[in-house]
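Here is the file final31.pdb (PDB, C-alpha atoms).
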```pdb
ATOM      1  CA  MET A   1     135.032  26.259   4.325
ATOM      2  CA  LYS A   2     136.565  26.656   7.778
ATOM      3  CA  ILE A   3     136.177  30.446   7.658
ATOM      4  CA  LEU A   4     132.572  30.087   6.525
ATOM      5  CA  SER A   5     131.788  27.769   9.403
ATOM      6  CA  MET A   6     133.411  30.164  11.878
ATOM      7  CA  LEU A   7     131.326  33.045  10.536
ATOM      8  CA  SER A   8     128.084  31.069  10.723
ATOM      9  CA  LEU A   9     128.785  29.743  14.237
ATOM     10  CA  PRO A  10     127.737  32.934  16.122
ATOM     11  CA  ILE A  11     124.504  33.130  14.131
ATOM     12  CA  LEU A  12     123.725  29.491  14.862
ATOM     13  CA  LEU A  13     124.521  29.896  18.547
ATOM     14  CA  THR A  14     122.377  33.006  18.824
ATOM     15  CA  SER A  15     119.410  31.183  17.315
ATOM     16  CA  CYS A  16     119.885  28.202  19.628
ATOM     17  CA  VAL A  17     120.203  30.416  22.688
ATOM     18  CA  GLN A  18     117.077  32.375  21.808
ATOM     19  CA  LEU A  19     115.100  29.187  21.242
ATOM     20  CA  GLY A  20     116.371  27.629  24.450
ATOM     21  CA  SER A  21     115.626  30.780  26.405
ATOM     22  CA  LEU A  22     112.056  30.790  25.075
ATOM     23  CA  VAL A  23     111.555  27.171  26.152
ATOM     24  CA  ASP A  24     113.070  27.921  29.555
ATOM     25  CA  ARG A  25     110.702  30.843  30.165
ATOM     26  CA  LYS A  26     107.692  28.779  29.158
ATOM     27  CA  THR A  27     108.762  25.966  31.473
ATOM     28  CA  HIS A  28     109.914  27.925  34.512
ATOM     29  CA  GLY A  29     108.320  31.323  34.028
ATOM     30  CA  GLU A  30     109.819  34.775  33.652
ATOM     31  CA  ASN A  31     111.349  34.578  37.115
ATOM     32  CA  PRO A  32     112.097  30.953  38.032
ATOM     33  CA  TYR A  33     113.436  31.985  41.449
ATOM     34  CA  VAL A  34     110.163  33.204  42.909
ATOM     35  CA  GLU A  35     109.682  29.685  44.212
ATOM     36  CA  PRO A  36     112.729  27.955  45.754
ATOM     37  CA  PRO A  37     114.241  25.354  43.385
ATOM     38  CA  PHE A  38     114.075  21.726  44.394
ATOM     39  CA  TYR A  39     117.764  21.533  45.386
ATOM     40  CA  SER A  40     117.258  24.233  48.007
ATOM     41  CA  ARG A  41     115.805  21.554  50.301
ATOM     42  CA  TYR A  42     119.291  20.027  50.474
ATOM     43  CA  LEU A  43     120.988  23.247  51.555
ATOM     44  CA  SER A  44     122.210  23.518  55.100
ATOM     45  CA  PRO A  45     122.503  26.851  56.956
ATOM     46  CA  SER A  46     125.692  25.603  58.598
ATOM     47  CA  SER A  47     127.515  25.027  55.278
ATOM     48  CA  ALA A  48     129.536  27.902  53.816
ATOM     49  CA  LEU A  49     128.922  26.594  50.289
ATOM     50  CA  ASP A  50     125.168  26.344  50.876
ATOM     51  CA  ILE A  51     125.074  29.857  52.309
ATOM     52  CA  GLN A  52     126.678  31.198  49.114
ATOM     53  CA  ILE A  53     124.092  29.344  47.021
ATOM     54  CA  GLN A  54     121.266  30.849  49.058
ATOM     55  CA  GLU A  55     122.739  34.327  48.628
ATOM     56  CA  ARG A  56     122.857  33.908  44.824
ATOM     57  CA  LEU A  57     119.244  32.667  44.835
ATOM     58  CA  VAL A  58     118.149  35.748  46.740
ATOM     59  CA  GLY A  59     120.010  37.968  44.282
ATOM     60  CA  LEU A  60     118.461  36.238  41.268
ATOM     61  CA  ARG A  61     115.003  36.495  42.801
ATOM     62  CA  GLN A  62     115.491  40.258  42.721
ATOM     63  CA  ASN A  63     117.352  40.400  39.394
ATOM     64  CA  PRO A  64     116.729  37.279  37.292
ATOM     65  CA  LYS A  65     118.593  38.711  34.269
ATOM     66  CA  SER A  66     121.990  39.038  35.952
ATOM     67  CA  ALA A  67     124.485  37.009  33.905
ATOM     68  CA  THR A  68     127.080  37.302  36.665
ATOM     69  CA  LEU A  69     124.795  35.805  39.324
ATOM     70  CA  HIS A  70     123.738  32.982  36.988
ATOM     71  CA  ASN A  71     127.376  32.134  36.286
ATOM     72  CA  GLU A  72     128.342  32.223  39.975
ATOM     73  CA  LEU A  73     125.363  30.067  40.960
ATOM     74  CA  GLY A  74     126.258  27.538  38.261
ATOM     75  CA  SER A  75     129.821  27.245  39.567
ATOM     76  CA  LEU A  76     128.543  26.717  43.116
ATOM     77  CA  LEU A  77     126.040  24.077  41.997
ATOM     78  CA  VAL A  78     128.854  22.131  40.301
ATOM     79  CA  GLN A  79     130.647  21.995  43.649
ATOM     80  CA  LYS A  80     127.419  20.974  45.346
ATOM     81  CA  GLY A  81     126.911  18.098  42.904
ATOM     82  CA  PHE A  82     124.040  19.375  40.718
ATOM     83  CA  PRO A  83     125.597  19.467  37.222
ATOM     84  CA  LYS A  84     122.290  19.669  35.292
ATOM     85  CA  ASP A  85     121.133  22.667  37.313
ATOM     86  CA  ALA A  86     124.571  24.191  36.899
ATOM     87  CA  GLU A  87     124.350  23.826  33.119
ATOM     88  CA  ARG A  88     120.960  25.545  33.201
ATOM     89  CA  GLU A  89     122.459  28.476  35.083
ATOM     90  CA  PHE A  90     125.358  28.827  32.623
ATOM     91  CA  PHE A  91     122.867  28.753  29.773
ATOM     92  CA  ARG A  92     120.736  31.432  31.421
ATOM     93  CA  ALA A  93     123.854  33.554  31.819
ATOM     94  CA  VAL A  94     124.633  33.561  28.078
ATOM     95  CA  ALA A  95     120.933  33.925  27.263
ATOM     96  CA  ASN A  96     120.900  37.219  29.148
ATOM     97  CA  ASP A  97     124.333  38.331  27.936
ATOM     98  CA  ASP A  98     125.642  36.500  24.879
ATOM     99  CA  GLU A  99     129.027  38.282  25.129
ATOM    100  CA  PHE A 100     129.746  37.031  28.656
ATOM    101  CA  PHE A 101     132.593  34.674  27.713
ATOM    102  CA  PRO A 102     133.206  33.116  31.191
ATOM    103  CA  ALA A 103     129.729  31.562  31.077
ATOM    104  CA  TRP A 104     130.366  30.240  27.561
ATOM    105  CA  TYR A 105     133.566  28.592  28.797
ATOM    106  CA  ASN A 106     131.836  27.056  31.818
ATOM    107  CA  LEU A 107     129.008  25.863  29.599
ATOM    108  CA  GLY A 108     131.563  24.147  27.371
ATOM    109  CA  LEU A 109     133.157  22.409  30.352
ATOM    110  CA  ILE A 110     129.886  21.120  31.781
ATOM    111  CA  ARG A 111     128.718  19.876  28.388
ATOM    112  CA  GLU A 112     131.993  18.065  27.820
ATOM    113  CA  ALA A 113     131.707  16.461  31.237
ATOM    114  CA  ARG A 114     128.322  14.926  30.374
ATOM    115  CA  GLY A 115     129.472  13.789  26.908
ATOM    116  CA  ASP A 116     127.959  16.500  24.703
ATOM    117  CA  PHE A 117     131.140  17.069  22.694
ATOM    118  CA  GLY A 118     129.397  18.953  19.889
ATOM    119  CA  GLY A 119     127.747  21.416  22.269
ATOM    120  CA  ALA A 120     130.974  21.736  24.239
ATOM    121  CA  SER A 121     132.986  22.495  21.097
ATOM    122  CA  ARG A 122     130.527  25.195  20.003
ATOM    123  CA  ALA A 123     130.539  26.854  23.426
ATOM    124  CA  LEU A 124     134.358  26.790  23.658
ATOM    125  CA  GLN A 125     134.718  28.141  20.144
ATOM    126  CA  GLN A 126     132.386  30.980  21.054
ATOM    127  CA  THR A 127     134.617  31.664  24.063
ATOM    128  CA  ILE A 128     137.589  32.127  21.736
ATOM    129  CA  ASN A 129     135.538  34.290  19.387
ATOM    130  CA  LEU A 130     134.786  36.622  22.277
ATOM    131  CA  LYS A 131     138.182  36.252  23.956
ATOM    132  CA  PRO A 132     140.822  35.240  21.362
ATOM    133  CA  GLY A 133     143.599  34.859  23.939
ATOM    134  CA  HIS A 134     141.682  32.409  26.143
ATOM    135  CA  ALA A 135     144.397  29.766  26.644
ATOM    136  CA  ALA A 136     142.215  27.375  28.678
ATOM    137  CA  ALA A 137     139.568  27.308  25.952
ATOM    138  CA  HIS A 138     142.226  26.493  23.356
ATOM    139  CA  PHE A 139     143.460  23.645  25.547
ATOM    140  CA  GLN A 140     139.958  22.215  26.045
ATOM    141  CA  LEU A 141     139.303  22.425  22.305
ATOM    142  CA  GLY A 142     142.572  20.582  21.772
ATOM    143  CA  LEU A 143     141.348  17.757  24.010
ATOM    144  CA  LEU A 144     138.047  17.573  22.106
ATOM    145  CA  GLU A 145     139.774  17.512  18.726
ATOM    146  CA  GLU A 146     142.150  14.813  19.967
ATOM    147  CA  LYS A 147     139.214  12.676  21.089
ATOM    148  CA  LYS A 148     137.616  13.050  17.667
ATOM    149  CA  GLY A 149     140.875  12.036  15.947
ATOM    150  CA  ASN A 150     141.597  15.489  14.451
ATOM    151  CA  THR A 151     145.288  15.456  15.344
ATOM    152  CA  ASP A 152     146.351  18.510  13.358
ATOM    153  CA  ARG A 153     143.601  20.699  14.799
ATOM    154  CA  ALA A 154     144.343  19.420  18.288
ATOM    155  CA  ILE A 155     148.043  20.226  17.955
ATOM    156  CA  GLU A 156     147.209  23.702  16.683
ATOM    157  CA  HIS A 157     144.986  24.429  19.693
ATOM    158  CA  PHE A 158     147.507  22.946  22.139
ATOM    159  CA  ALA A 159     150.349  25.003  20.671
ATOM    160  CA  LYS A 160     148.327  28.214  20.957
ATOM    161  CA  ALA A 161     147.377  27.389  24.533
ATOM    162  CA  TYR A 162     150.984  26.700  25.591
ATOM    163  CA  SER A 163     152.292  29.806  23.834
ATOM    164  CA  ILE A 164     149.787  31.993  25.678
ATOM    165  CA  ASN A 165     150.063  30.334  29.091
ATOM    166  CA  HIS A 166     153.120  28.168  29.818
ATOM    167  CA  SER A 167     151.706  27.103  33.176
ATOM    168  CA  LEU A 168     149.270  24.809  31.355
ATOM    169  CA  LEU A 169     152.226  22.448  30.950
ATOM    170  CA  ASN A 170     152.431  22.101  34.737
ATOM    171  CA  VAL A 171     150.416  19.117  35.914
ATOM    172  CA  ARG A 172     149.753  20.806  39.252
ATOM    173  CA  VAL A 173     148.156  23.752  37.516
ATOM    174  CA  ASN A 174     146.514  21.763  34.733
ATOM    175  CA  PRO A 175     145.954  18.109  35.705
ATOM    176  CA  ARG A 176     144.150  17.416  32.431
ATOM    177  CA  ILE A 177     147.423  17.620  30.545
ATOM    178  CA  LEU A 178     147.748  13.926  31.447
ATOM    179  CA  ASP A 179     144.719  13.242  29.225
ATOM    180  CA  SER A 180     146.619  14.236  26.083
ATOM    181  CA  LYS A 181     149.198  12.232  24.161
ATOM    182  CA  LEU A 182     150.112  15.118  21.896
ATOM    183  CA  VAL A 183     152.090  17.280  24.298
ATOM    184  CA  ASP A 184     155.467  16.533  22.692
ATOM    185  CA  ARG A 185     154.198  17.083  19.159
ATOM    186  CA  SER A 186     152.494  20.298  20.206
ATOM    187  CA  LEU A 187     155.766  21.584  21.649
ATOM    188  CA  LEU A 188     157.608  20.661  18.445
ATOM    189  CA  HIS A 189     154.945  22.559  16.503
ATOM    190  CA  LEU A 190     155.462  25.540  18.771
ATOM    191  CA  TYR A 191     159.284  25.345  18.762
ATOM    192  CA  PRO A 192     160.170  27.299  15.562
ATOM    193  CA  SER A 193     158.293  30.476  16.410
ATOM    194  CA  GLN A 194     159.064  30.222  20.118
ATOM    195  CA  HIS A 195     162.760  29.583  19.462
ATOM    196  CA  THR A 196     162.939  32.508  17.058
ATOM    197  CA  ARG A 197     161.459  34.908  19.606
ATOM    198  CA  GLN A 198     163.737  33.693  22.381
ATOM    199  CA  SER A 199     166.886  33.825  20.216
ATOM    200  CA  LEU A 200     166.435  37.482  19.300
ATOM    201  CA  GLN A 201     168.914  39.508  21.339
ATOM    202  CA  PHE A 202     168.060  43.180  21.156
ATOM    203  CA  GLN A 203     170.727  45.736  22.026
ATOM    204  CA  PRO A 204     170.082  48.159  24.881
ATOM    205  CA  SER A 205     170.987  51.827  24.738
ATOM    206  CA  PRO A 206     174.697  52.439  25.554
ATOM    207  CA  ALA A 207     175.401  53.838  28.975
ATOM    208  CA  GLY A 208     175.797  57.599  28.923
ATOM    209  CA  TYR A 209     174.605  57.974  25.337
ATOM    210  CA  ALA A 210     173.066  61.414  25.027
ATOM    211  CA  GLY A 211     171.897  61.169  21.445
ATOM    212  CA  ARG A 212     171.724  63.811  18.794
ATOM    213  CA  SER A 213     170.654  67.169  20.124
ATOM    214  CA  VAL A 214     167.414  68.318  18.643
ATOM    215  CA  GLU A 215     166.884  72.039  18.241
ATOM    216  CA  THR A 216     163.604  73.051  19.681
ATOM    217  CA  VAL A 217     161.566  75.653  17.882
ATOM    218  CA  SER A 218     160.486  78.414  20.190
ATOM    219  CA  PRO A 219     156.746  78.906  20.225
ATOM    220  CA  GLU A 220     155.412  81.880  18.272
ATOM    221  CA  SER A 221     154.654  84.873  20.423
ATOM    222  CA  PRO A 222     151.160  86.320  20.355
ATOM    223  CA  ALA A 223     150.582  89.426  18.248
ATOM    224  CA  GLU A 224     150.219  91.711  21.234
ATOM    225  CA  ALA A 225     153.632  90.667  22.575
ATOM    226  CA  ILE A 226     155.535  91.518  19.352
ATOM    227  CA  VAL A 227     157.502  94.816  19.669
ATOM    228  CA  THR A 228     158.070  96.870  16.510
ATOM    229  CA  PRO A 229     161.839  97.586  16.118
ATOM    230  CA  THR A 230     162.976 101.246  16.264
ATOM    231  CA  PRO A 231     164.820 102.766  13.275
ATOM    232  CA  SER A 232     168.607 102.858  13.398
ATOM    233  CA  SER A 233     170.225 106.030  14.728
ATOM    234  CA  THR A 234     172.967 105.897  12.072
ATOM    235  CA  ASP A 235     172.441 108.262   9.141
ATOM    236  CA  PRO A 236     171.627 106.041   6.174
ATOM    237  CA  VAL A 237     173.153 108.645   3.780
ATOM    238  CA  VAL A 238     176.621 108.090   5.207
ATOM    239  CA  GLN A 239     176.341 104.307   5.056
ATOM    240  CA  THR A 240     177.722 102.498   2.049
ATOM    241  CA  PRO A 241     174.909 100.697   0.231
ATOM    242  CA  ALA A 242     175.235  96.974  -0.279
ATOM    243  CA  PRO A 243     176.499  95.934  -3.737
ATOM    244  CA  THR A 244     173.959  94.771  -6.257
ATOM    245  CA  PRO A 245     174.255  91.035  -7.098
ATOM    246  CA  GLY A 246     176.648  90.638 -10.039
ATOM    247  CA  GLN A 247     178.207  94.104  -9.540
ATOM    248  CA  ALA A 248     181.815  94.568  -8.426
ATOM    249  CA  PRO A 249     182.189  95.988  -4.938
ATOM    250  CA  PRO A 250     183.014  99.730  -4.813
ATOM    251  CA  PRO A 251     186.707 100.710  -4.457
ATOM    252  CA  PRO A 252     187.921 101.480  -0.986
ATOM    253  CA  PRO A 253     188.061 105.193  -0.060
ATOM    254  CA  PRO A 254     191.425 106.951  -0.837
ATOM    255  CA  THR A 255     193.961 107.123   1.921
ATOM    256  CA  LEU A 256     194.828 110.724   2.857
ATOM    257  CA  THR A 257     198.651 111.393   3.114
ATOM    258  CA  PRO A 258     199.537 113.825   5.874
ATOM    259  CA  PRO A 259     201.472 117.007   4.722
ATOM    260  CA  PRO A 260     205.273 117.027   5.232
ATOM    261  CA  ALA A 261     206.686 118.669   8.319
ATOM    262  CA  PRO A 262     208.164 122.247   7.833
ATOM    263  CA  PRO A 263     212.006 122.554   7.831
ATOM    264  CA  PRO A 264     213.711 123.809  10.985
ATOM    265  CA  LEU A 265     214.230 127.630  11.333
ATOM    266  CA  ALA A 266     217.846 128.788  10.229
ATOM    267  CA  LEU A 267     219.683 131.136  12.627
ATOM    268  CA  PRO A 268     222.369 133.667  11.407
ATOM    269  CA  PRO A 269     225.930 132.642  12.153
ATOM    270  CA  SER A 270     227.715 134.387  14.995
ATOM    271  CA  GLY A 271     231.474 135.521  14.868
ATOM    272  CA  PRO A 272     234.117 138.075  15.866
ATOM    273  CA  GLY A 273     233.788 141.655  14.503
ATOM    274  CA  ARG A 274     230.105 141.253  14.281
ATOM    275  CA  GLN A 275     228.761 142.397  17.468
ATOM    276  CA  GLY A 276     225.545 143.830  17.950
ATOM    277  CA  SER A 277     225.153 147.466  18.765
ATOM    278  CA  SER A 278     224.062 148.291  22.144
ATOM    279  CA  PRO A 279     221.261 150.689  22.555
ATOM    280  CA  THR A 280     222.052 154.242  23.423
TER
END
```
Structure translated into structure tokens:
Amino acid sequence: MKILSMLSLPILLTSCVQLGSLVDRKTHGENPYVEPPFYSRYLSPSSALDIQIQERLVGLRQNPKSATLHNELGSLLVQKGFPKDAEREFFRAVANDDEFFPAWYNLGLIREARGDFGGASRALQQTINLKPGHAAAHFQLGLLEEKKGNTDRAIEHFAKAYSINHSLLNVRVNPRILDSKLVDRSLLHLYPSQHTRQSLQFQPSPAGYAGRSVETVSPESPAEAIVTPTPSSTDPVVQTPAPTPGQAPPPPPPTLTPPPAPPPLALPPSGPGRQGSSPT
């Protein structure tokens, strides 16, 4: 049921925005800034805030479909003290760009401030649909659910808001935290997952660890760079062929024994009475 309602919410909001935009155009015309709005009579040329409002009015007179200018003018009108006109500007912003989530968030705030909790909840939920990590929208939805007595839903929104942005727990950053009585329970709801993430101690890489060397494969050379190898200069006839698998290797060549050395030459014995004749 909850998923079905979340899926039907954008369709419902789109229909409401289109209907409201049609009524607005019929009431104020296609360009409602051609004539100065009634609050312009209260603007002073010596006020910095009023000067910014006048600048946005000039910009919208030239481009009445600018969602950014509508949103900025609405924020300035809130500071000036014209909340109804500010809400109209936020509505015109989303009417011209229904994916502009800042205007949806501001529209939710201004509706909550004037007591339209249903309209505020729908606008804030649309903010989260467009921007799921919007911590401030989760916090504001938590406040709305707490006011309506939906404690579990409120705690769920608060826990998501605090997990995304811890500064929302600081009263100086978020004074509205004093409006909730579920801060402690929201933190207890958040504790298991938060404690688990904080208790994980991952090991860094050891100092000086080089790691396993990875052999790099040299890139393949282009065809024109491949050189055909030259044939071997050794006579293949003289080479001993490689043995066939399963065949015994050939016997080694016979060792040639050198011939024996000749005996020494024998000389005739020499003695008395055997003298050689002298030549005549």
For a quick check of your reading of the model, name the residues lying within 8 Å of the coordinate (144.9, 19.6, 19.4), counting all atoms listed in the file, and write them as a list in words.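 I get Phe139, Leu141, Gly142, Leu143, Leu144, Glu145, Glu146, Asn150, Thr151, Asp152, Arg153, Ala154, Ile155, Glu156, His157, Phe158, Ala159, Leu182 and Ser186 of chain A for the residues within 8 Å of that point.
Atom CA of A:His134 to atom CA of A:Ile53 spans 27.5 Å [interatomic distance, one decimal].
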Evaluate the PyMOL selection byres ((chain A and resi 94) around 10) on the structure here and hand back the selected residues as a list of chain:residue names.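 This file gives the following for the PyMOL selection byres ((chain A and resi 94) around 10): A:Thr14, A:Val17, A:Gln18, A:Ser21, A:Ser66, A:Ala67, A:Thr68, A:His70, A:Asn71, A:Glu89, A:Phe90, A:Phe91, A:Arg92, A:Ala93, A:Ala95, A:Asn96, A:Asp97, A:Asp98, A:Glu99, A:Phe100, A:Phe101, A:Pro102, A:Ala103, A:Trp104, A:Leu107.
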Using the file's own x, y and z axes, what box holds all listed atoms of stretch 179-183 of chain A with 5 Å on each side, keeping edges along x, y and z, and what are its centre and edge lengths in Å to one decimal, as AutoDock Vina command-line options?
```
--center_x 148.4 --center_y 14.8 --center_z 25.6 --size_x 17.4 --size_y 15.0 --size_z 17.3
```
Here is a test: counting only C-alpha atoms, which residue of A:Tyr33, A:Ala113, A:Lys80, A:Lys147 is nearest to A:Lys181?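 Closest residue, counting only C-alpha atoms: A:Lys147.
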Two-atom distance - atom CA of A:Tyr42, atom CA of A:Gly115 (Å):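 Value for the atom CA of A:Tyr42-atom CA of A:Gly115 distance: 26.4 Å.
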Evaluated on this file, the PyMOL selection byres ((chain A and resi 123) around 7) picks out some residues - which ones are they, written as a ChimeraX atom specification? /A:104-105,107-108,119-122,124-127
